[in-house]
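Trainee: Structure below; questions to follow.
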Amino acid sequence: MVEASGCTDVRFMARALHLARHGRYTTKPNPQVGCVLVKEGVIVGEGCHKRAGEAHAEIEALRIAGADARDATAYVTLEPCCHYGRTAPCSDALIRAGVCRVVAAMADPNPKVAGNGLKSLATAGIETVCGVLRSEAEKLNRGFCKRMRSGLPFVFSKVATSLDGRTAMASGKSQWITSEAARQDVHRLRAGCSAILTGIDSVIADDPSLTARLDQAAGDIVQPLRVIADSMLRTPPESRMTRLPGTSLIVTASTDRQKRSRLEQAGFEVVRLPADECGRVHLPSLLDHLARREVNDVMVEAGAVLNGALLQAGLVDELVVYMAPSLLGDQGRGAFHLPGLAKLSDRIELRLLDARRVGVELRLRCQVDR
């Protein structure tokens, strides 16, 4: 067998990363993973992890390769697991199949694995390599990686604004600032995240659905958890999201059992969390609760108050801003309520990651510096 190396490793790992993205909307809370089996320079099997609880990428690739897996090189976007979860360890399956080399894009940040998968392969006499296209693999599963390393999900705020930075007219009217193309792009963001967080004022004003609506069949999308930050349980029981697929969660600081019972009867799940000094839901506790529910990525679609509070608490990792070529005037509503920013030196710094046109809008992705 001709061993893959150098640019060959990069080429086959790029293929594995492409396969991994097939599970973008369905693997949550698991990471997206792809695997390619190569023998004498030819792909003999490949697969991806499609859905939590189903076969991992390595198992799919081994099933296709059959006997050809012996003496093959396995390219995997994430270190093969070595523990029993919903499925058996992939490292054991690769050993039994007789592969001679395993190339991983990155080590698994899950403490249950954390290098032990590669160690078990090496102990079995299999050559191991780690780090090929690592940065691309990290980006693919940024939420999973952050949750495993820090105990918190990756948080990004989506904001639609006019060119003068307004999200709505003074009356609150905002539908629609952006074009259909931008709104479809937002639905792709929704479909790829684990949870969508909004505030009670947005629910009362807009009665949003907070569902991911794409051209794909409904079975091809795992709907994100819908989360409402509602400190005083003001959510209307007749809100439309209770009639939609998926789970709608209210996080509150209220102890009002009667309101809670009405909302639970309407179809909401209600969880009480600690309050901050203002009596509102303690935002770090909210994110900790979501992480314990295995939420990897949280997309914030909220008004200025919740967006600003998350930013000032240092809980936002990234902003995604859709800027429409229009002006709403100085009486329009802003995107972030940020009290206390009195001096220019108090400003919150951002780092531009990407800028591209989506429909007639400019979409900006900015990292929040801390």
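Chain identifiers are assigned as A, B, and so on, following the order in which chains appear in the structure tokens; residues are numbered from 1 within each chain, and ligands are numbered from 1 in order of appearance.
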Please identify all polymer residues within 6 Å of A:Gly192, counting only C-alpha atoms, omitting same-chain residues fewer than 2 positions from it, and present them as a ChimeraX atom specification.
Mentor: /A:24-25,189-190
Trainee: Could you tell me which of A:Val132, A:Ala304, A:Val360, A:Leu225 comes closest to A:Ala168 if we count only C-alpha atoms?
Mentor: A:Ala304
Trainee: I'd like the contact shell of stretch 80-82 of chain A - 7 Å cut-off, only C-alpha atoms, skipping same-chain residues fewer than 5 positions apart - returned as JSON, numbers by chain.
Mentor: {"A": [89, 90, 91, 113, 116, 117]}
Trainee: Grab the residues selected above and save them as a PDB file, in the first residue's frame with C-alpha atoms.
Mentor:
ATOM      1  CA  PRO A  89     -16.331   2.881  20.471  1.00  0.00           C
ATOM      2  CA  CYS A  90     -15.167   3.695  16.936  1.00  0.00           C
ATOM      3  CA  SER A  91     -11.536   3.127  17.896  1.00  0.00           C
ATOM      4  CA  VAL A 113     -12.007  10.908  24.850  1.00  0.00           C
ATOM      5  CA  ASN A 116      -7.444   8.355  24.545  1.00  0.00           C
ATOM      6  CA  GLY A 117      -8.958   7.289  21.236  1.00  0.00           C
TER       7      GLY A 117
END
Trainee: Mind pulling up the distance from atom CA of A:Ile250 to atom CA of A:Val227?
Mentor: 5.8 Å
Trainee: Residues near A:Gln184, anyone? I mean within 12 Å using only C-alpha atoms, not counting same-chain ones fewer than 2 positions away, as a list in words.
Mentor: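 My list of contacting residues is Thr178, Ser179, Glu180, Ala181, Ala182, Val186, His187, Arg188, Leu189, Arg190, Ala191, Thr211, Ala212, Arg213, Leu214, Asp215, Tyr322, Val358 and Gly359 of chain A.
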Trainee: Rounded to one decimal, what separation in Å do you get between atom CA of A:Leu350 and atom CA of A:Leu319?
Mentor: 8.7 Å
Trainee: Atom CA of A:Arg134 and atom CA of A:Ala69, how far apart in Å?
Mentor: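 For atom CA of A:Ala69 relative to atom CA of A:Arg134, the distance reads 24.3 Å.
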